[in-house]
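Structure file final-v6.pdb (PDB, C-alpha atoms) follows.
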ATOM      1  CA  MET A   1     -18.752   0.259  26.870
ATOM      2  CA  ALA A   2     -18.509   3.945  27.686
ATOM      3  CA  ARG A   3     -16.169   6.730  26.644
ATOM      4  CA  TYR A   4     -13.781   8.228  29.168
ATOM      5  CA  PHE A   5     -11.425  11.170  28.818
ATOM      6  CA  PHE A   6      -7.875  11.071  30.160
ATOM      7  CA  GLU A   7      -6.185  14.391  30.953
ATOM      8  CA  ILE A   8      -2.429  14.231  31.444
ATOM      9  CA  GLU A   9      -0.592  16.598  33.783
ATOM     10  CA  ASN A  10       3.153  16.609  33.222
ATOM     11  CA  GLY A  11       4.548  20.113  33.454
ATOM     12  CA  GLY A  12       1.553  21.315  31.455
ATOM     13  CA  LEU A  13      -1.988  20.045  31.141
ATOM     14  CA  HIS A  14      -2.758  17.892  28.107
ATOM     15  CA  ARG A  15      -6.504  17.858  27.492
ATOM     16  CA  ASP A  16      -8.126  14.845  25.874
ATOM     17  CA  ASP A  17     -10.778  15.600  23.260
ATOM     18  CA  THR A  18     -10.775  12.095  21.793
ATOM     19  CA  GLY A  19     -11.305   9.832  24.782
ATOM     20  CA  ALA A  20     -11.166   6.059  24.824
ATOM     21  CA  GLU A  21     -13.879   3.399  24.889
ATOM     22  CA  CYS A  22     -13.590   1.259  28.027
ATOM     23  CA  ARG A  23     -15.295  -2.015  28.869
ATOM     24  CA  ASP A  24     -15.422  -1.276  32.615
ATOM     25  CA  LEU A  25     -13.734   0.686  35.397
ATOM     26  CA  ASP A  26     -10.913  -1.864  35.658
ATOM     27  CA  GLU A  27     -10.016  -1.011  32.097
ATOM     28  CA  VAL A  28     -10.208   2.710  32.921
ATOM     29  CA  ARG A  29      -7.624   2.196  35.676
ATOM     30  CA  ALA A  30      -5.460  -0.064  33.493
ATOM     31  CA  ILE A  31      -5.342   2.541  30.713
ATOM     32  CA  ALA A  32      -4.530   5.324  33.194
ATOM     33  CA  VAL A  33      -1.697   3.298  34.756
ATOM     34  CA  ARG A  34      -0.260   2.096  31.435
ATOM     35  CA  THR A  35      -0.373   5.636  30.072
ATOM     36  CA  LEU A  36       1.411   6.983  33.164
ATOM     37  CA  THR A  37       4.171   4.368  33.117
ATOM     38  CA  GLY A  38       4.577   4.779  29.361
ATOM     39  CA  ILE A  39       4.937   8.536  29.645
ATOM     40  CA  ALA A  40       7.279   8.143  32.626
ATOM     41  CA  ALA A  41       9.527   5.850  30.571
ATOM     42  CA  GLU A  42       9.612   8.418  27.811
ATOM     43  CA  GLU A  43       9.687  11.754  29.572
ATOM     44  CA  ALA A  44      10.972  11.275  33.130
ATOM     45  CA  VAL A  45      14.427   9.759  32.604
ATOM     46  CA  LEU A  46      16.238  13.086  32.949
ATOM     47  CA  HIS A  47      14.843  14.030  36.342
ATOM     48  CA  ASP A  48      15.538  12.742  39.832
ATOM     49  CA  ARG A  49      12.062  13.644  41.011
ATOM     50  CA  HIS A  50       9.157  13.639  38.658
ATOM     51  CA  THR A  51       5.399  13.564  39.150
ATOM     52  CA  ILE A  52       2.925  12.767  36.398
ATOM     53  CA  ALA A  53      -0.834  12.574  36.875
ATOM     54  CA  VAL A  54      -3.781  11.353  34.864
ATOM     55  CA  ALA A  55      -7.279  12.618  35.644
ATOM     56  CA  VAL A  56     -10.126  10.610  34.155
ATOM     57  CA  ARG A  57     -13.553  12.066  33.450
ATOM     58  CA  ASP A  58     -16.662  10.488  32.020
ATOM     59  CA  ALA A  59     -18.569  11.822  29.012
ATOM     60  CA  ALA A  60     -20.560  14.183  31.271
ATOM     61  CA  GLY A  61     -17.310  15.738  32.520
ATOM     62  CA  THR A  62     -17.600  14.221  36.011
ATOM     63  CA  SER A  63     -14.326  13.237  37.654
ATOM     64  CA  VAL A  64     -13.965   9.433  37.861
ATOM     65  CA  LEU A  65     -10.370   8.676  38.823
ATOM     66  CA  ASP A  66      -7.078  10.416  39.648
ATOM     67  CA  VAL A  67      -3.844   8.468  39.301
ATOM     68  CA  THR A  68      -0.496   9.969  40.231
ATOM     69  CA  LEU A  69       2.963   8.561  39.626
ATOM     70  CA  THR A  70       5.956  10.016  41.445
ATOM     71  CA  LEU A  71       9.346   8.793  40.366
ATOM     72  CA  THR A  72      12.171   9.425  42.799
ATOM     73  CA  ALA A  73      15.827   8.663  42.179
ATOM     74  CA  ALA A  74      17.870   8.900  45.402
ATOM     75  CA  TRP A  75      21.607   8.825  44.766
ATOM     76  CA  SER A  76      23.908   7.360  47.454
ATOM     77  CA  ARG A  77      26.922   8.599  45.649
ATOM     78  CA  ARG A  78      27.235  10.508  42.422
ATOM     79  CA  PRO A  79      30.560  11.994  41.329
ATOM     80  CA  GLU A  80      30.179  15.554  40.108
ATOM     81  CA  ALA A  81      30.311  15.679  36.344
TER      82      ALA A  81
ATOM     83  CA  MET B  82     -11.389 -18.269 -12.556
ATOM     84  CA  ALA B  83      -8.927 -16.106 -14.483
ATOM     85  CA  GLY B  84      -9.648 -12.399 -14.138
ATOM     86  CA  PRO B  85     -11.197 -10.854 -17.229
ATOM     87  CA  HIS B  86      -8.752  -7.934 -17.184
ATOM     88  CA  PRO B  87      -5.127  -8.854 -17.694
ATOM     89  CA  GLN B  88      -4.030  -5.753 -15.777
ATOM     90  CA  THR B  89      -5.907  -6.640 -12.561
ATOM     91  CA  LEU B  90      -2.746  -7.984 -10.924
ATOM     92  CA  THR B  91      -0.627  -4.924 -11.769
ATOM     93  CA  PRO B  92      -0.261  -3.968  -8.064
ATOM     94  CA  LEU B  93       1.511  -7.310  -7.472
ATOM     95  CA  LEU B  94       3.887  -6.611 -10.339
ATOM     96  CA  ARG B  95       4.631  -3.122  -8.986
ATOM     97  CA  LYS B  96       5.349  -4.571  -5.551
ATOM     98  CA  LEU B  97       7.653  -7.331  -6.846
ATOM     99  CA  GLU B  98       9.452  -4.834  -9.077
ATOM    100  CA  SER B  99      10.023  -2.463  -6.160
ATOM    101  CA  VAL B 100      12.604  -4.960  -4.901
ATOM    102  CA  ILE B 101      13.740  -6.888  -8.013
ATOM    103  CA  ARG B 102      13.676  -6.617 -11.802
ATOM    104  CA  LEU B 103      11.641  -9.085 -13.887
ATOM    105  CA  ASN B 104      11.917  -9.743 -17.622
ATOM    106  CA  ASP B 105       8.966  -9.425 -20.043
ATOM    107  CA  GLU B 106       8.064 -13.109 -20.011
ATOM    108  CA  GLU B 107       8.095 -13.141 -16.196
ATOM    109  CA  ARG B 108       5.904 -10.033 -16.066
ATOM    110  CA  ARG B 109       3.359 -11.587 -18.433
ATOM    111  CA  ALA B 110       3.301 -14.784 -16.357
ATOM    112  CA  VAL B 111       2.631 -12.842 -13.139
ATOM    113  CA  LEU B 112      -0.209 -10.874 -14.752
ATOM    114  CA  ALA B 113      -1.696 -14.115 -16.145
ATOM    115  CA  LEU B 114      -2.029 -15.784 -12.717
ATOM    116  CA  PRO B 115      -5.521 -17.239 -12.219
ATOM    117  CA  HIS B 116      -7.384 -15.575  -9.365
ATOM    118  CA  THR B 117     -10.726 -14.896  -7.763
ATOM    119  CA  ILE B 118     -11.642 -11.347  -6.773
ATOM    120  CA  ARG B 119     -13.408 -10.749  -3.464
ATOM    121  CA  GLN B 120     -14.676  -7.477  -2.022
ATOM    122  CA  VAL B 121     -14.596  -7.438   1.769
ATOM    123  CA  GLY B 122     -15.856  -4.832   4.205
ATOM    124  CA  PRO B 123     -13.709  -3.283   6.921
ATOM    125  CA  HIS B 124     -12.530  -5.589   9.739
ATOM    126  CA  GLU B 125     -13.469  -8.875   8.100
ATOM    127  CA  ASP B 126     -11.291 -11.872   8.864
ATOM    128  CA  VAL B 127      -9.641 -13.325   5.775
ATOM    129  CA  ALA B 128      -7.841 -16.192   7.508
ATOM    130  CA  THR B 129      -7.544 -17.030  11.197
ATOM    131  CA  VAL B 130      -5.121 -18.976  13.392
ATOM    132  CA  GLY B 131      -5.164 -22.707  12.662
ATOM    133  CA  GLU B 132      -6.643 -22.462   9.159
ATOM    134  CA  ARG B 133      -4.983 -24.139   6.180
ATOM    135  CA  PRO B 134      -5.301 -21.666   3.311
ATOM    136  CA  ALA B 135      -5.307 -23.026  -0.250
ATOM    137  CA  HIS B 136      -4.895 -19.569  -1.817
ATOM    138  CA  CYS B 137      -2.558 -16.624  -1.483
ATOM    139  CA  CYS B 138      -4.334 -13.400  -0.627
ATOM    140  CA  LEU B 139      -3.187 -10.410  -2.682
ATOM    141  CA  VAL B 140      -4.339  -6.949  -1.629
ATOM    142  CA  LEU B 141      -5.473  -4.986  -4.711
ATOM    143  CA  GLU B 142      -7.077  -2.054  -2.943
ATOM    144  CA  GLY B 143      -7.431  -0.937   0.686
ATOM    145  CA  TRP B 144      -5.477  -1.876   3.804
ATOM    146  CA  ALA B 145      -5.278  -5.244   5.562
ATOM    147  CA  HIS B 146      -3.631  -6.152   8.864
ATOM    148  CA  ARG B 147      -2.269  -9.042  10.875
ATOM    149  CA  TYR B 148      -3.149  -9.104  14.538
ATOM    150  CA  GLY B 149      -3.176 -11.135  17.710
ATOM    151  CA  TYR B 150      -4.855 -10.851  21.116
ATOM    152  CA  THR B 151      -3.467 -11.459  24.599
ATOM    153  CA  VAL B 152      -5.528 -13.567  26.994
ATOM    154  CA  ALA B 153      -6.548 -10.339  28.765
ATOM    155  CA  GLY B 154      -8.050  -9.057  25.523
ATOM    156  CA  ASP B 155      -5.374  -6.572  24.424
ATOM    157  CA  ARG B 156      -4.882  -6.458  20.686
ATOM    158  CA  GLN B 157      -1.492  -6.111  19.042
ATOM    159  CA  ILE B 158      -1.564  -5.133  15.377
ATOM    160  CA  LEU B 159       1.450  -6.962  13.973
ATOM    161  CA  SER B 160       1.622  -5.309  10.575
ATOM    162  CA  PHE B 161      -0.291  -3.353   7.980
ATOM    163  CA  TYR B 162      -0.578  -4.417   4.322
ATOM    164  CA  ILE B 163      -1.307  -2.261   1.288
ATOM    165  CA  ALA B 164      -2.035  -2.794  -2.414
ATOM    166  CA  GLY B 165       0.432  -5.222  -3.985
ATOM    167  CA  ASP B 166       1.221  -7.037  -0.730
ATOM    168  CA  ILE B 167       0.636 -10.768  -0.306
ATOM    169  CA  PRO B 168       0.373 -10.941   3.499
ATOM    170  CA  ASP B 169       0.084 -14.739   3.644
ATOM    171  CA  LEU B 170       2.683 -15.627   1.029
ATOM    172  CA  GLN B 171       4.650 -17.678   3.559
ATOM    173  CA  HIS B 172       1.682 -20.047   3.833
ATOM    174  CA  LEU B 173       2.538 -21.302   0.378
ATOM    175  CA  TYR B 174       5.091 -23.397   2.263
ATOM    176  CA  LEU B 175       3.834 -23.229   5.878
ATOM    177  CA  PRO B 176       0.454 -24.977   5.759
ATOM    178  CA  VAL B 177      -1.110 -23.714   9.009
ATOM    179  CA  MET B 178      -1.920 -20.041   9.777
ATOM    180  CA  ASP B 179      -0.086 -18.920  12.940
ATOM    181  CA  HIS B 180      -1.785 -15.504  13.180
ATOM    182  CA  SER B 181      -4.962 -13.891  11.899
ATOM    183  CA  LEU B 182      -5.278 -11.796   8.776
ATOM    184  CA  ALA B 183      -8.137  -9.357   8.321
ATOM    185  CA  SER B 184      -9.110  -6.342   6.285
ATOM    186  CA  LEU B 185      -8.687  -2.992   8.006
ATOM    187  CA  THR B 186     -10.569  -0.830   5.508
ATOM    188  CA  ALA B 187     -12.907  -2.141   2.828
ATOM    189  CA  CYS B 188     -10.614  -4.122   0.508
ATOM    190  CA  THR B 189     -10.468  -5.630  -2.921
ATOM    191  CA  LEU B 190      -8.581  -8.907  -2.587
ATOM    192  CA  ALA B 191      -7.399 -11.385  -5.217
ATOM    193  CA  PHE B 192      -7.091 -15.013  -4.180
ATOM    194  CA  ILE B 193      -4.495 -16.926  -6.173
ATOM    195  CA  PRO B 194      -4.519 -20.734  -5.815
ATOM    196  CA  HIS B 195      -1.371 -22.144  -4.257
ATOM    197  CA  GLU B 196      -0.896 -24.586  -7.150
ATOM    198  CA  ALA B 197      -0.860 -21.627  -9.587
ATOM    199  CA  MET B 198       1.813 -19.872  -7.494
ATOM    200  CA  ARG B 199       3.901 -23.047  -7.445
ATOM    201  CA  ALA B 200       3.499 -23.486 -11.206
ATOM    202  CA  LEU B 201       4.468 -19.835 -11.750
ATOM    203  CA  VAL B 202       7.932 -20.271 -10.255
ATOM    204  CA  VAL B 203       8.763 -23.478 -12.130
ATOM    205  CA  GLY B 204      11.354 -22.538 -14.761
ATOM    206  CA  ARG B 205      11.234 -18.859 -13.705
ATOM    207  CA  PRO B 206      14.074 -18.320 -11.240
ATOM    208  CA  GLY B 207      13.561 -14.538 -11.450
ATOM    209  CA  VAL B 208       9.988 -14.828 -10.146
ATOM    210  CA  MET B 209      11.102 -17.365  -7.538
ATOM    211  CA  ALA B 210      13.729 -14.891  -6.331
ATOM    212  CA  ALA B 211      11.183 -12.043  -6.305
ATOM    213  CA  LEU B 212       8.724 -13.999  -4.132
ATOM    214  CA  TRP B 213      11.470 -15.240  -1.851
ATOM    215  CA  ARG B 214      12.784 -11.725  -1.523
ATOM    216  CA  ASP B 215       9.282 -10.457  -0.733
ATOM    217  CA  THR B 216       9.036 -12.801   2.269
ATOM    218  CA  LEU B 217      12.589 -11.900   3.329
ATOM    219  CA  VAL B 218      11.707  -8.197   3.293
ATOM    220  CA  ASP B 219       8.608  -9.052   5.362
ATOM    221  CA  ALA B 220      10.967 -10.662   7.906
ATOM    222  CA  SER B 221      13.245  -7.643   7.770
ATOM    223  CA  VAL B 222      10.295  -5.359   8.519
ATOM    224  CA  TYR B 223       9.564  -7.529  11.582
ATOM    225  CA  ARG B 224      13.169  -7.234  12.795
ATOM    226  CA  GLU B 225      12.854  -3.483  12.555
ATOM    227  CA  ARG B 226       9.591  -3.642  14.510
ATOM    228  CA  ILE B 227      11.258  -5.669  17.285
ATOM    229  CA  MET B 228      13.869  -2.934  17.488
ATOM    230  CA  THR B 229      11.213  -0.236  17.523
ATOM    231  CA  LEU B 230       8.779  -1.838  19.971
ATOM    232  CA  GLY B 231      11.574  -3.072  22.219
ATOM    233  CA  ARG B 232      13.773  -0.001  22.392
ATOM    234  CA  ARG B 233      11.982   3.097  21.173
ATOM    235  CA  GLN B 234       9.372   5.070  23.054
ATOM    236  CA  SER B 235       5.937   6.055  21.851
ATOM    237  CA  LEU B 236       7.058   9.189  20.006
ATOM    238  CA  GLY B 237       9.784   7.333  18.083
ATOM    239  CA  ARG B 238       7.513   4.365  17.368
ATOM    240  CA  THR B 239       4.809   6.625  16.015
ATOM    241  CA  ALA B 240       7.221   8.611  13.852
ATOM    242  CA  HIS B 241       8.754   5.352  12.617
ATOM    243  CA  LEU B 242       5.402   3.903  11.578
ATOM    244  CA  PHE B 243       4.602   7.092   9.655
ATOM    245  CA  CYS B 244       7.971   7.039   7.846
ATOM    246  CA  GLU B 245       7.562   3.371   6.947
ATOM    247  CA  MET B 246       3.989   3.592   5.681
ATOM    248  CA  TYR B 247       4.842   6.633   3.568
ATOM    249  CA  MET B 248       7.918   4.944   2.053
ATOM    250  CA  ARG B 249       6.100   1.672   1.366
ATOM    251  CA  GLN B 250       3.217   3.431  -0.340
ATOM    252  CA  ARG B 251       5.560   5.631  -2.338
ATOM    253  CA  ALA B 252       7.484   2.591  -3.584
ATOM    254  CA  VAL B 253       4.339   1.209  -5.236
ATOM    255  CA  GLY B 254       3.041   4.518  -6.566
ATOM    256  CA  LEU B 255       0.397   5.161  -3.886
ATOM    257  CA  ALA B 256       2.014   8.228  -2.329
ATOM    258  CA  ASP B 257       4.077  11.207  -3.316
ATOM    259  CA  ASN B 258       5.042  14.724  -2.216
ATOM    260  CA  LEU B 259       5.128  13.678   1.470
ATOM    261  CA  CYS B 260       1.386  12.893   1.493
ATOM    262  CA  CYS B 261      -0.195   9.472   1.758
ATOM    263  CA  PRO B 262      -3.374   7.738   2.887
ATOM    264  CA  LEU B 263      -3.231   6.542   6.490
ATOM    265  CA  PRO B 264      -6.663   5.021   7.118
ATOM    266  CA  PRO B 265      -6.179   3.271  10.508
ATOM    267  CA  THR B 266      -8.005   4.918  13.399
ATOM    268  CA  GLN B 267      -6.012   6.321  16.333
ATOM    269  CA  ALA B 268      -6.995   3.266  18.398
ATOM    270  CA  GLU B 269      -5.648   0.976  15.661
ATOM    271  CA  LEU B 270      -2.429   2.963  15.321
ATOM    272  CA  ALA B 271      -2.029   2.798  19.112
ATOM    273  CA  ASP B 272      -2.435  -0.998  18.974
ATOM    274  CA  ALA B 273       0.214  -1.116  16.244
ATOM    275  CA  VAL B 274       2.784   0.887  18.227
ATOM    276  CA  GLY B 275       1.857  -0.901  21.481
ATOM    277  CA  VAL B 276       0.803   2.024  23.666
ATOM    278  CA  THR B 277      -2.552   3.175  25.028
ATOM    279  CA  ALA B 278      -4.701   5.302  22.734
ATOM    280  CA  VAL B 279      -4.255   8.120  25.266
ATOM    281  CA  HIS B 280      -0.465   7.924  25.074
ATOM    282  CA  PHE B 281      -0.593   7.625  21.286
ATOM    283  CA  ASN B 282      -2.730  10.748  21.109
ATOM    284  CA  ARG B 283      -0.097  12.606  23.163
ATOM    285  CA  SER B 284       2.669  11.494  20.773
ATOM    286  CA  LEU B 285       0.564  12.553  17.814
ATOM    287  CA  ARG B 286       0.048  15.995  19.329
ATOM    288  CA  THR B 287       3.760  16.363  20.005
ATOM    289  CA  LEU B 288       4.575  15.516  16.376
ATOM    290  CA  ARG B 289       1.930  17.976  15.241
ATOM    291  CA  ALA B 290       3.176  20.724  17.579
ATOM    292  CA  GLN B 291       6.685  20.212  16.174
ATOM    293  CA  CYS B 292       5.184  20.626  12.657
ATOM    294  CA  ARG B 293       6.466  17.155  11.723
ATOM    295  CA  ILE B 294       3.095  15.821  10.506
ATOM    296  CA  VAL B 295      -0.625  16.443  10.181
ATOM    297  CA  LEU B 296      -2.948  13.447  10.383
ATOM    298  CA  GLN B 297      -6.460  14.291   9.290
ATOM    299  CA  GLY B 298      -9.320  12.430   7.673
ATOM    300  CA  GLY B 299      -7.245   9.318   7.069
ATOM    301  CA  ASN B 300      -4.472  11.245   5.321
ATOM    302  CA  LEU B 301      -0.941  11.863   6.522
ATOM    303  CA  THR B 302       0.910  14.996   5.460
ATOM    304  CA  ILE B 303       4.559  15.154   6.439
ATOM    305  CA  GLY B 304       5.652  18.728   7.058
ATOM    306  CA  ASP B 305       9.249  18.035   8.052
ATOM    307  CA  TRP B 306      10.670  14.792   6.626
ATOM    308  CA  PRO B 307      14.228  15.166   8.016
ATOM    309  CA  GLY B 308      12.784  15.987  11.455
ATOM    310  CA  LEU B 309      10.423  13.000  11.348
ATOM    311  CA  VAL B 310      13.293  10.716  10.256
ATOM    312  CA  THR B 311      15.423  11.983  13.173
ATOM    313  CA  THR B 312      12.648  11.410  15.726
ATOM    314  CA  ALA B 313      12.013   7.941  14.275
ATOM    315  CA  GLU B 314      15.720   7.013  13.875
ATOM    316  CA  PHE B 315      14.447   5.803  10.512
ATOM    317  CA  ASP B 316      16.861   4.232   8.033
ATOM    318  CA  PRO B 317      14.962   2.778   5.032
ATOM    319  CA  VAL B 318      17.693   0.217   4.285
ATOM    320  CA  TYR B 319      15.560  -2.551   5.909
ATOM    321  CA  LEU B 320      12.881  -2.063   3.215
ATOM    322  CA  HIS B 321      15.430  -3.063   0.517
ATOM    323  CA  PHE B 322      13.808  -0.998  -2.238
ATOM    324  CA  ASP B 323      15.368  -0.883  -5.641
ATOM    325  CA  GLU B 324      18.732  -2.305  -4.597
ATOM    326  CA  ASP B 325      19.328  -4.056  -7.932
ATOM    327  CA  ARG B 326      18.553  -0.923  -9.876
ATOM    328  CA  ARG B 327      20.755   1.201  -7.657
ATOM    329  CA  ARG B 328      23.588  -1.308  -7.979
ATOM    330  CA  SER B 329      23.335  -1.393 -11.766
ATOM    331  CA  GLY B 330      23.192   2.428 -11.705
ATOM    332  CA  GLU B 331      26.393   2.471  -9.680
ATOM    333  CA  ARG B 332      28.035   0.090 -12.145
ATOM    334  CA  ALA B 333      26.916   2.242 -15.070
ATOM    335  CA  SER B 334      28.343   5.379 -13.517
ATOM    336  CA  ALA B 335      31.596   3.655 -12.450
TER     337      ALA B 335
END

Show me the file's structure as structure tokens.
Amino acid sequence: MARYFFEIENGGLHRDDTGAECRDLDEVRAIAVRTLTGIAAEEAVLHDRHTIAVAVRDAAGTSVLDVTLTLTAAWSRRPEA
Amino acid sequence: MAGPHPQTLTPLLRKLESVIRLNDEERRAVLALPHTIRQVGPHEDVATVGERPAHCCLVLEGWAHRYGYTVAGDRQILSFYIAGDIPDLQHLYLPVMDHSLASLTACTLAFIPHEAMRALVVGRPGVMAALWRDTLVDASVYRERIMTLGRRQSLGRTAHLFCEMYMRQRAVGLADNLCCPLPPTQAELADAVGVTAVHFNRSLRTLRAQCRIVLQGGNLTIGDWPGLVTTAEFDPVYLHFDEDRRRSGERASA
């Protein structure tokens, strides 16, 4: 088990002072992906193009993983409101 | 077996009377229930899946929780229990545990033999109704959680949990003035609302930035109750507090 820190970039940078204990690097990736999709579900529904990123660092501050999610909605036809 | 202090079971009485009124004889009978007191440390299993409990577990002090694990090792905290709650009351009539029950913080628990619970309700329809109602409210809380976990996002789920735990503690005299204990860690709260600890932390910060709440040192302070209720879409009707009293109050004023 080791502690990793997950910074979220979505319009502004959200630093992580708490971190999360992870069993291994697979869990690091799983947490990053679940966090991204969770935030996308919550915060990206109003935009047609939206990019959210999670940057993971270890306890020494060394970069471990970058995960980016870009959500694109391409309308074929959308009547003007 | 019987507790030396007749008031030991007062939290149970407060809990039952938060949803239904009992008469004096019924109150005395509840307080006279035989029981064994056990002190448990944090995160100790009280009963696990497959067991056949012979006692009801009453929380007298501290927080307990029900939980389950997926095959991949992800924990879901199903519910939190506070003083006065009998988390395994349904196992009075369902012999086999279908989930695990454990302490969350250090707890004082009272174990009441099933036969004593069954004897208590004989000839006391008021107590029978109170216990039945307690399990029905438990089911109602689960319906609300299905709604919350299925259709609300992390921010709403988090706000909802805070509203509920404040209201439940207030109903049994453990909270007031928009402050209450909230001992679960952030990782445990995240496992209760079904998001990653990282996402939970973001929701917590948003609620703090909006001056809705402060969560510090195991205590929750609500700075903006109407705002928190709006974020949570919280309607306390599913907790069914005090409905008899309110109804009789309405009759009196009519």

- Query: So how far away is CA of Met178 (chain B) from CA of Gly131 (chain B), in Å?
  - Reply: 5.1 Å

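The residues caught by the PyMOL selection byres ((chain A) within 9 of (chain B)) in this file are A:Phe5, A:Phe6, A:Glu7, A:Ile8, A:His14, A:Asp16, A:Thr18, A:Gly19, A:Ala20, A:Ile31, A:Ala32, A:Arg34, A:Thr35, A:Leu36, A:Gly38, A:Ile39, A:Ala41, A:Glu42.
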
- Between B:Arg214, B:Arg133, B:Arg205, B:Arg224, single out the one closest to Tyr319 (chain B), counting all atoms listed in the file.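 So, comparing all the options, the nearest one is B:Arg224.
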
- Query: For Thr68 (chain A), which residue among A:Glu80, A:Asp24, A:Asp17, A:Ile52 is the nearest when counting only C-alpha atoms?
  - Reply: A:Ile52

- Task: Work out how far apart CA of Gly12 (chain A) and CA of Thr72 (chain A) are and give it in Å to one decimal.
- Result: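 Value for the CA of Gly12 (chain A)-CA of Thr72 (chain A) distance: 19.6 Å.
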
Residues picked by the PyMOL selection byres ((chain B and resi 108-124) around 7) here, as a PDB file with C-alpha atoms, keeping the file's coordinate frame?
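Output file expr-v9.pdb follows:
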ATOM      1  CA  MET B  82     -11.389 -18.269 -12.556  1.00  0.00           C
ATOM      2  CA  ALA B  83      -8.927 -16.106 -14.483  1.00  0.00           C
ATOM      3  CA  GLY B  84      -9.648 -12.399 -14.138  1.00  0.00           C
ATOM      4  CA  PRO B  87      -5.127  -8.854 -17.694  1.00  0.00           C
ATOM      5  CA  GLN B  88      -4.030  -5.753 -15.777  1.00  0.00           C
ATOM      6  CA  LEU B  90      -2.746  -7.984 -10.924  1.00  0.00           C
ATOM      7  CA  THR B  91      -0.627  -4.924 -11.769  1.00  0.00           C
ATOM      8  CA  LEU B  94       3.887  -6.611 -10.339  1.00  0.00           C
ATOM      9  CA  LEU B 103      11.641  -9.085 -13.887  1.00  0.00           C
ATOM     10  CA  ASN B 104      11.917  -9.743 -17.622  1.00  0.00           C
ATOM     11  CA  ASP B 105       8.966  -9.425 -20.043  1.00  0.00           C
ATOM     12  CA  GLU B 106       8.064 -13.109 -20.011  1.00  0.00           C
ATOM     13  CA  GLU B 107       8.095 -13.141 -16.196  1.00  0.00           C
ATOM     14  CA  GLU B 125     -13.469  -8.875   8.100  1.00  0.00           C
ATOM     15  CA  ASP B 126     -11.291 -11.872   8.864  1.00  0.00           C
ATOM     16  CA  ALA B 183      -8.137  -9.357   8.321  1.00  0.00           C
ATOM     17  CA  SER B 184      -9.110  -6.342   6.285  1.00  0.00           C
ATOM     18  CA  LEU B 185      -8.687  -2.992   8.006  1.00  0.00           C
ATOM     19  CA  THR B 186     -10.569  -0.830   5.508  1.00  0.00           C
ATOM     20  CA  ALA B 187     -12.907  -2.141   2.828  1.00  0.00           C
ATOM     21  CA  CYS B 188     -10.614  -4.122   0.508  1.00  0.00           C
ATOM     22  CA  THR B 189     -10.468  -5.630  -2.921  1.00  0.00           C
ATOM     23  CA  LEU B 190      -8.581  -8.907  -2.587  1.00  0.00           C
ATOM     24  CA  ALA B 191      -7.399 -11.385  -5.217  1.00  0.00           C
ATOM     25  CA  PHE B 192      -7.091 -15.013  -4.180  1.00  0.00           C
ATOM     26  CA  ILE B 193      -4.495 -16.926  -6.173  1.00  0.00           C
ATOM     27  CA  PRO B 194      -4.519 -20.734  -5.815  1.00  0.00           C
ATOM     28  CA  ALA B 197      -0.860 -21.627  -9.587  1.00  0.00           C
ATOM     29  CA  LEU B 201       4.468 -19.835 -11.750  1.00  0.00           C
TER      30      LEU B 201
END

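With only C-alpha atoms taken into account, the protein and nucleic acid residues at most 9 Å from Val130 (chain B) (excluding it and anything under 3 positions from it in its own chain) are Arg133, Val177, Met178, Asp179, His180, Ser181 and Leu182 of chain B.
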
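The coordinates place CA of Pro262 (chain B) at 5.9 Å from CA of Gly299 (chain B).
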
- Item | Which residue of B:Gly207, B:Leu320, B:Arg226, B:Ala200 approaches Met248 (chain B) most closely, using only C-alpha atoms | B:Leu320

- Selection near Leu212 (chain B), 12 Å with only C-alpha atoms, sequence-local residues under 2 positions removed, as a PyMOL selection string: chain B and resi 93-94+96-103+111+137+166-171+173-174+198-199+201-202+205-210+214-219

Build an axis-aligned box that encloses every atom of region 247-265 of chain B listed in the file, pad it by 5 Å on each side, and report its centre and edge lengths in Å to one decimal, as lines of an AutoDock Vina configuration file.
center_x = 0.6
center_y = 8.0
center_z = 2.0
size_x = 24.6
size_y = 23.5
size_z = 27.1

- Message: Every residue with an atom at most 12 Å from (15.2, 15.2, 37.9) (file coordinates; all atoms listed in the file) is what I'm after, so could you write them as a PyMOL selection string?
- Response: chain A and resi 40+43-51+70-75

- Closest of B:Gly165, B:Gly149, B:Gly275, B:Pro317 to Gly254 (chain B) - atom-to-atom distances counting only C-alpha atoms: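 Checking each of B:Gly165, B:Gly149, B:Gly275, B:Pro317 against Gly254 (chain B), counting only C-alpha atoms, the winner is B:Gly165.
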
- Message: So that I can see what lies close to Gln291 (chain B), please list as a ChimeraX atom specification the residues with an atom at most 10 Å from it, counting all atoms listed in the file and leaving out residues fewer than 5 positions away in the same chain.
- Response: /B:285-286,304-305,308-309
